[in-house]
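File shown here: upload03.tsv, holding TSV, N, CA and C atoms.
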```tsv
chain	number	residue	atom	x	y	z
A	1	MET	N	32.34	58.58	65.63
A	1	MET	CA	31.45	58.01	64.64
A	1	MET	C	31.89	58.46	63.25
A	2	ILE	N	31.76	57.58	62.29
A	2	ILE	CA	32.01	57.91	60.89
A	2	ILE	C	30.65	57.94	60.20
A	3	ALA	N	30.24	59.09	59.73
A	3	ALA	CA	28.92	59.24	59.10
A	3	ALA	C	29.05	58.96	57.60
A	4	ILE	N	28.92	57.70	57.24
A	4	ILE	CA	29.05	57.32	55.84
A	4	ILE	C	27.82	57.74	55.07
A	5	LYS	N	28.05	58.37	53.94
A	5	LYS	CA	26.96	58.88	53.10
A	5	LYS	C	26.55	57.86	52.04
A	6	ARG	N	27.53	57.26	51.34
A	6	ARG	CA	27.23	56.27	50.31
A	6	ARG	C	28.52	55.59	49.88
A	7	LEU	N	28.41	54.49	49.19
A	7	LEU	CA	29.56	53.85	48.58
A	7	LEU	C	29.93	54.65	47.34
A	8	ASP	N	31.18	55.05	47.22
A	8	ASP	CA	31.63	55.87	46.11
A	8	ASP	C	32.22	55.02	44.98
A	9	HIS	N	33.13	54.10	45.33
A	9	HIS	CA	33.75	53.27	44.30
A	9	HIS	C	34.29	51.98	44.88
A	10	VAL	N	34.55	51.04	43.99
A	10	VAL	CA	35.19	49.78	44.32
A	10	VAL	C	36.41	49.68	43.42
A	11	LEU	N	37.57	49.32	43.98
A	11	LEU	CA	38.77	49.14	43.18
A	11	LEU	C	39.07	47.64	43.09
A	12	ILE	N	39.29	47.18	41.87
A	12	ILE	CA	39.73	45.80	41.66
A	12	ILE	C	41.07	45.85	40.95
A	13	THR	N	41.81	44.76	41.03
A	13	THR	CA	43.11	44.72	40.40
A	13	THR	C	43.15	43.70	39.28
A	14	ILE	N	44.05	43.97	38.35
A	14	ILE	CA	44.34	43.06	37.24
A	14	ILE	C	45.85	42.93	37.17
A	15	PRO	N	46.36	41.87	36.55
A	15	PRO	CA	47.81	41.73	36.46
A	15	PRO	C	48.43	42.84	35.62
A	16	PRO	N	49.72	43.11	35.84
A	16	PRO	CA	50.41	44.10	35.02
A	16	PRO	C	50.28	43.79	33.53
A	17	ASN	N	50.25	44.83	32.72
A	17	ASN	CA	50.17	44.73	31.26
A	17	ASN	C	48.84	44.15	30.76
A	18	SER	N	47.76	44.34	31.52
A	18	SER	CA	46.43	43.84	31.14
A	18	SER	C	45.45	44.96	30.85
A	19	ARG	N	45.91	46.18	30.84
A	19	ARG	CA	45.03	47.35	30.70
A	19	ARG	C	44.21	47.32	29.41
A	20	LYS	N	44.83	47.00	28.29
A	20	LYS	CA	44.12	46.97	27.01
A	20	LYS	C	43.02	45.92	27.03
A	21	GLU	N	43.33	44.73	27.54
A	21	GLU	CA	42.34	43.65	27.62
A	21	GLU	C	41.22	44.01	28.59
A	22	ALA	N	41.55	44.72	29.68
A	22	ALA	CA	40.52	45.14	30.64
A	22	ALA	C	39.54	46.11	29.98
A	23	ARG	N	40.07	47.04	29.22
A	23	ARG	CA	39.20	47.99	28.52
A	23	ARG	C	38.29	47.24	27.53
A	24	GLN	N	38.85	46.25	26.83
A	24	GLN	CA	38.05	45.46	25.89
A	24	GLN	C	36.95	44.72	26.62
A	25	PHE	N	37.24	44.13	27.78
A	25	PHE	CA	36.24	43.36	28.53
A	25	PHE	C	35.16	44.27	29.11
A	26	TYR	N	35.56	45.27	29.86
A	26	TYR	CA	34.57	46.09	30.57
A	26	TYR	C	33.83	47.07	29.68
A	27	ILE	N	34.53	47.71	28.75
A	27	ILE	CA	33.91	48.74	27.93
A	27	ILE	C	33.28	48.16	26.67
A	28	GLU	N	34.00	47.30	25.97
A	28	GLU	CA	33.50	46.77	24.70
A	28	GLU	C	32.60	45.55	24.87
A	29	LYS	N	32.95	44.64	25.77
A	29	LYS	CA	32.15	43.42	25.93
A	29	LYS	C	30.95	43.63	26.86
A	30	LEU	N	31.19	44.20	28.04
A	30	LEU	CA	30.09	44.42	28.99
A	30	LEU	C	29.32	45.70	28.71
A	31	LEU	N	29.84	46.52	27.81
A	31	LEU	CA	29.17	47.77	27.38
A	31	LEU	C	29.00	48.77	28.52
A	32	LEU	N	29.98	48.83	29.43
A	32	LEU	CA	29.95	49.79	30.52
A	32	LEU	C	30.59	51.09	30.06
A	33	LYS	N	30.27	52.18	30.75
A	33	LYS	CA	30.72	53.51	30.34
A	33	LYS	C	32.01	53.88	31.08
A	34	GLU	N	33.06	54.16	30.30
A	34	GLU	CA	34.33	54.59	30.89
A	34	GLU	C	34.25	56.06	31.26
A	35	ILE	N	34.85	56.42	32.40
A	35	ILE	CA	34.94	57.80	32.84
A	35	ILE	C	36.28	58.32	32.32
A	36	PRO	N	36.24	59.25	31.36
A	36	PRO	CA	37.50	59.72	30.77
A	36	PRO	C	38.34	60.49	31.77
A	37	GLY	N	39.63	60.53	31.50
A	37	GLY	CA	40.54	61.31	32.32
A	37	GLY	C	41.82	60.55	32.61
A	38	THR	N	42.75	61.26	33.21
A	38	THR	CA	44.00	60.66	33.66
A	38	THR	C	43.83	60.35	35.14
A	39	HIS	N	43.75	59.07	35.47
A	39	HIS	CA	43.44	58.66	36.83
A	39	HIS	C	44.69	58.14	37.54
A	40	PRO	N	44.72	58.18	38.87
A	40	PRO	CA	45.90	57.73	39.62
A	40	PRO	C	46.29	56.29	39.24
A	41	HIS	N	47.59	56.09	39.12
A	41	HIS	CA	48.17	54.77	38.85
A	41	HIS	C	47.69	54.19	37.52
A	42	GLY	N	47.25	55.05	36.60
A	42	GLY	CA	46.81	54.58	35.28
A	42	GLY	C	45.54	53.75	35.32
A	43	ALA	N	44.74	53.91	36.36
A	43	ALA	CA	43.51	53.11	36.50
A	43	ALA	C	42.49	53.46	35.42
A	44	ILE	N	41.65	52.51	35.12
A	44	ILE	CA	40.49	52.72	34.26
A	44	ILE	C	39.31	52.91	35.21
A	45	TRP	N	38.58	53.99	35.05
A	45	TRP	CA	37.41	54.25	35.88
A	45	TRP	C	36.17	54.01	35.04
A	46	ILE	N	35.19	53.31	35.64
A	46	ILE	CA	33.98	52.91	34.93
A	46	ILE	C	32.78	53.30	35.78
A	47	GLN	N	31.76	53.88	35.13
A	47	GLN	CA	30.54	54.27	35.83
A	47	GLN	C	29.60	53.09	35.94
A	48	LEU	N	29.13	52.80	37.16
A	48	LEU	CA	28.17	51.72	37.42
A	48	LEU	C	27.03	52.30	38.25
A	49	GLY	N	26.03	52.81	37.60
A	49	GLY	CA	24.94	53.44	38.33
A	49	GLY	C	25.47	54.63	39.10
A	50	ALA	N	25.27	54.65	40.42
A	50	ALA	CA	25.70	55.77	41.25
A	50	ALA	C	27.10	55.60	41.82
A	51	ILE	N	27.78	54.50	41.48
A	51	ILE	CA	29.13	54.29	41.98
A	51	ILE	C	30.09	54.07	40.81
A	52	GLU	N	31.37	53.98	41.13
A	52	GLU	CA	32.39	53.76	40.12
A	52	GLU	C	33.14	52.47	40.40
A	53	LEU	N	33.60	51.83	39.34
A	53	LEU	CA	34.50	50.70	39.43
A	53	LEU	C	35.86	51.18	38.93
A	54	HIS	N	36.89	51.03	39.75
A	54	HIS	CA	38.24	51.41	39.36
A	54	HIS	C	39.03	50.13	39.11
A	55	VAL	N	39.63	50.02	37.94
A	55	VAL	CA	40.38	48.83	37.55
A	55	VAL	C	41.84	49.25	37.42
A	56	ARG	N	42.72	48.60	38.19
A	56	ARG	CA	44.12	49.02	38.22
A	56	ARG	C	45.06	47.83	38.15
A	57	GLU	N	46.09	47.97	37.35
A	57	GLU	CA	47.13	46.94	37.28
A	57	GLU	C	47.91	46.91	38.59
A	58	GLU	N	48.22	45.68	39.05
A	58	GLU	CA	48.93	45.57	40.32
A	58	GLU	C	49.68	44.26	40.38
A	59	GLU	N	50.92	44.32	40.83
A	59	GLU	CA	51.69	43.10	41.09
A	59	GLU	C	51.01	42.32	42.20
A	60	GLY	N	51.07	41.01	42.15
A	60	GLY	CA	50.51	40.18	43.20
A	60	GLY	C	49.01	40.01	43.12
A	61	HIS	N	48.41	40.32	41.99
A	61	HIS	CA	46.97	40.15	41.79
A	61	HIS	C	46.59	38.70	42.10
A	62	GLN	N	45.49	38.49	42.84
A	62	GLN	CA	45.00	37.15	43.16
A	62	GLN	C	43.72	36.88	42.39
A	63	SER	N	43.60	35.69	41.82
A	63	SER	CA	42.45	35.42	40.95
A	63	SER	C	41.49	34.36	41.48
A	64	THR	N	41.68	33.87	42.68
A	64	THR	CA	40.80	32.80	43.17
A	64	THR	C	40.03	33.19	44.43
A	65	SER	N	40.12	34.42	44.84
A	65	SER	CA	39.47	34.85	46.06
A	65	SER	C	37.95	34.87	45.90
A	66	ALA	N	37.26	34.66	47.00
A	66	ALA	CA	35.80	34.78	47.02
A	66	ALA	C	35.36	36.24	47.23
A	67	ARG	N	36.32	37.15	47.47
A	67	ARG	CA	35.96	38.55	47.64
A	67	ARG	C	35.23	39.02	46.40
A	68	HIS	N	34.28	39.92	46.59
A	68	HIS	CA	33.52	40.39	45.44
A	68	HIS	C	32.79	41.68	45.76
A	69	ALA	N	32.40	42.36	44.69
A	69	ALA	CA	31.49	43.50	44.78
A	69	ALA	C	30.14	42.99	44.31
A	70	ALA	N	29.07	43.47	44.94
A	70	ALA	CA	27.72	43.06	44.57
A	70	ALA	C	26.95	44.27	44.06
A	71	PHE	N	26.26	44.07	42.95
A	71	PHE	CA	25.52	45.15	42.31
A	71	PHE	C	24.06	44.75	42.16
A	72	GLU	N	23.16	45.62	42.60
A	72	GLU	CA	21.74	45.37	42.40
A	72	GLU	C	21.39	45.70	40.95
A	73	VAL	N	20.66	44.80	40.30
A	73	VAL	CA	20.22	45.00	38.92
A	73	VAL	C	18.70	45.05	38.88
A	74	THR	N	18.16	45.63	37.82
A	74	THR	CA	16.70	45.74	37.70
A	74	THR	C	16.09	44.46	37.15
A	75	ASP	N	16.85	43.66	36.39
A	75	ASP	CA	16.32	42.44	35.79
A	75	ASP	C	17.43	41.40	35.72
A	76	LEU	N	17.47	40.52	36.72
A	76	LEU	CA	18.54	39.53	36.80
A	76	LEU	C	18.50	38.55	35.63
A	77	GLU	N	17.31	38.14	35.22
A	77	GLU	CA	17.22	37.20	34.09
A	77	GLU	C	17.80	37.82	32.82
A	78	GLU	N	17.50	39.08	32.58
A	78	GLU	CA	18.05	39.78	31.42
A	78	GLU	C	19.57	39.86	31.51
A	79	ALA	N	20.09	40.14	32.70
A	79	ALA	CA	21.54	40.21	32.90
A	79	ALA	C	22.18	38.85	32.63
A	80	LYS	N	21.55	37.77	33.09
A	80	LYS	CA	22.10	36.43	32.85
A	80	LYS	C	22.10	36.08	31.37
A	81	VAL	N	21.05	36.44	30.66
A	81	VAL	CA	21.00	36.20	29.21
A	81	VAL	C	22.14	36.95	28.53
A	82	PHE	N	22.36	38.20	28.93
A	82	PHE	CA	23.44	38.99	28.35
A	82	PHE	C	24.79	38.33	28.61
A	83	LEU	N	25.05	37.92	29.87
A	83	LEU	CA	26.33	37.28	30.19
A	83	LEU	C	26.53	35.99	29.39
A	84	GLU	N	25.48	35.19	29.29
A	84	GLU	CA	25.58	33.95	28.52
A	84	GLU	C	25.87	34.24	27.05
A	85	LYS	N	25.22	35.26	26.50
A	85	LYS	CA	25.45	35.65	25.10
A	85	LYS	C	26.91	36.04	24.89
A	86	GLU	N	27.50	36.65	25.90
A	86	GLU	CA	28.90	37.07	25.83
A	86	GLU	C	29.86	35.95	26.27
A	87	THR	N	29.33	34.75	26.44
A	87	THR	CA	30.09	33.56	26.89
A	87	THR	C	30.85	33.80	28.19
A	88	ILE	N	30.19	34.48	29.11
A	88	ILE	CA	30.74	34.70	30.45
A	88	ILE	C	30.05	33.72	31.39
A	89	GLU	N	30.85	32.88	32.03
A	89	GLU	CA	30.31	31.82	32.89
A	89	GLU	C	29.62	32.40	34.12
A	90	ILE	N	28.46	31.89	34.42
A	90	ILE	CA	27.67	32.30	35.57
A	90	ILE	C	27.75	31.20	36.62
A	91	SER	N	27.91	31.59	37.89
A	91	SER	CA	27.90	30.61	38.98
A	91	SER	C	26.88	31.05	40.02
A	92	TYR	N	26.56	30.12	40.92
A	92	TYR	CA	25.55	30.38	41.93
A	92	TYR	C	26.11	30.00	43.29
A	93	SER	N	25.48	30.51	44.34
A	93	SER	CA	25.92	30.24	45.70
A	93	SER	C	24.69	29.90	46.52
A	94	SER	N	24.82	29.99	47.82
A	94	SER	CA	23.70	29.69	48.70
A	94	SER	C	22.54	30.65	48.43
A	95	LYS	N	21.35	30.19	48.72
A	95	LYS	CA	20.16	31.02	48.54
A	95	LYS	C	20.01	31.97	49.72
A	96	ILE	N	19.47	33.15	49.43
A	96	ILE	CA	19.19	34.15	50.45
A	96	ILE	C	17.74	34.57	50.29
A	97	ASP	N	17.00	34.54	51.38
A	97	ASP	CA	15.59	34.94	51.33
A	97	ASP	C	15.47	36.39	50.84
A	98	GLY	N	14.50	36.62	49.97
A	98	GLY	CA	14.17	37.96	49.54
A	98	GLY	C	14.98	38.49	48.37
A	99	ARG	N	15.85	37.64	47.80
A	99	ARG	CA	16.65	38.10	46.66
A	99	ARG	C	17.12	36.91	45.84
A	100	ASP	N	17.30	37.17	44.57
A	100	ASP	CA	17.89	36.19	43.65
A	100	ASP	C	19.24	36.75	43.25
A	101	ARG	N	20.21	35.88	43.00
A	101	ARG	CA	21.53	36.37	42.68
A	101	ARG	C	22.33	35.38	41.87
A	102	CYS	N	23.38	35.88	41.25
A	102	CYS	CA	24.33	35.03	40.56
A	102	CYS	C	25.69	35.74	40.59
A	103	PHE	N	26.71	35.00	40.20
A	103	PHE	CA	28.08	35.52	40.20
A	103	PHE	C	28.71	35.31	38.83
A	104	PHE	N	29.69	36.14	38.52
A	104	PHE	CA	30.55	35.91	37.36
A	104	PHE	C	31.92	36.48	37.68
A	105	ARG	N	32.91	36.04	36.92
A	105	ARG	CA	34.28	36.54	37.09
A	105	ARG	C	34.74	37.19	35.79
A	106	ASP	N	35.59	38.21	35.94
A	106	ASP	CA	36.21	38.80	34.76
A	106	ASP	C	37.36	37.88	34.31
A	107	PRO	N	38.02	38.17	33.21
A	107	PRO	CA	39.09	37.29	32.73
A	107	PRO	C	40.26	37.14	33.70
A	108	TRP	N	40.38	38.00	34.72
A	108	TRP	CA	41.48	37.93	35.68
A	108	TRP	C	41.03	37.34	37.01
A	109	GLY	N	39.81	36.82	37.07
A	109	GLY	CA	39.32	36.15	38.26
A	109	GLY	C	38.61	37.03	39.27
A	110	ASN	N	38.47	38.34	39.01
A	110	ASN	CA	37.71	39.19	39.92
A	110	ASN	C	36.26	38.74	39.91
A	111	ARG	N	35.69	38.59	41.09
A	111	ARG	CA	34.34	38.04	41.23
A	111	ARG	C	33.33	39.16	41.46
A	112	PHE	N	32.19	39.06	40.76
A	112	PHE	CA	31.11	40.04	40.88
A	112	PHE	C	29.80	39.31	41.14
A	113	GLU	N	28.95	39.92	41.97
A	113	GLU	CA	27.63	39.38	42.26
A	113	GLU	C	26.59	40.33	41.70
A	114	LEU	N	25.57	39.76	41.06
A	114	LEU	CA	24.42	40.54	40.61
A	114	LEU	C	23.23	40.10	41.44
A	115	ILE	N	22.49	41.06	41.97
A	115	ILE	CA	21.36	40.78	42.88
A	115	ILE	C	20.11	41.46	42.37
A	116	GLU	N	18.99	40.73	42.45
A	116	GLU	CA	17.67	41.34	42.22
A	116	GLU	C	16.83	41.01	43.45
A	117	TYR	N	16.34	42.05	44.12
A	117	TYR	CA	15.51	41.86	45.30
A	117	TYR	C	14.08	41.53	44.90
A	118	ASP	N	13.43	40.70	45.72
A	118	ASP	CA	12.01	40.41	45.50
A	118	ASP	C	11.22	41.70	45.64
A	119	GLN	N	10.16	41.81	44.88
A	119	GLN	CA	9.33	43.01	44.92
A	119	GLN	C	8.47	43.02	46.15
```

Would you encode the structure as structure tokens?
Amino acid sequence: MIAIKRLDHVLITIPPNSRKEARQFYIEKLLLKEIPGTHPHGAIWIQLGAIELHVREEEGHQSTSARHAAFEVTDLEEAKVFLEKETIEISYSSKIDGRDRCFFRDPWGNRFELIEYDQ
């Protein structure tokens, strides 16, 4: 048995030579907090609540996959207003009972889901 305690981090990839633009998108545009330090493979580490997002340049990056990380938010409508203000396109998928959700992609096609559970 593997006794998993919690999700620690999610790693996504961006094309080579995109590090500066990634920092601008995640830190300056989305206003997320960067975790300072020298990280493996020159990755950018970002704090997202109790987990981390690791962004790393990689050859063979794919930008059309449906793979995604999903993050629970406290106010989905507020998050959508913020994304729209930042001109980040929002998409939707099938409905799921007990939660509302939406998706967005970063400039390199990485897909993210935002979820708000019904109270």

**Q.** 8 Å contact set for stretch 18-24 of chain A, only N, CA and C atoms, chain neighbours under 3 positions out, as a list in words
**A.** Ile14, Pro15, Ile27, Glu28, Lys29, Leu30, Leu31, Gly42, Ile44, Val55, Arg56, Glu57, Glu58 and Pro107 of chain A

Q: Provide the atom CA of A:Arg6 to atom CA of A:Ile51 distance in Å, to one decimal place.
A: 8.8 Å

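Summary of the local environment: counting all atoms listed in the file, residues at most 7 Å from A:Asp8, other than itself and those fewer than 5 positions away along its chain, are Ala50, Ile51, Glu52 and Leu53 of chain A.
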
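Nearest-residue note for A:Leu48: choosing from A:Lys5, A:Arg105, A:Arg111, A:Lys33, the minimum distance belongs to A:Lys33, counting only C-alpha atoms.
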
Q. Taking (14.6, 41.0, 48.2) in the file's coordinates as the center, which residues reach within 6.5 Å of it, counting only N, CA and C atoms, put as an NGL selection string?
A. :A and (97-100 or 116-119)

**Q.** Selection near A:Tyr92, 7 Å with all atoms listed in the file, sequence-local residues under 2 positions removed, as a ChimeraX atom specification
**A.** /A:90,94,101-103

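Distances to A:Thr74 were evaluated for A:Gln47, A:His41, A:Glu89, A:Ile115 using only C-alpha atoms, and the minimum falls at A:Ile115.
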
Box centre and edge lengths (Å, one decimal), axis-aligned, stretch 66-82 of chain A plus 6 Å each side, as AutoDock Vina command-line options:
```
--center_x 26.7 --center_y 40.2 --center_z 38.0 --size_x 33.2 --size_y 23.1 --size_z 31.3
```
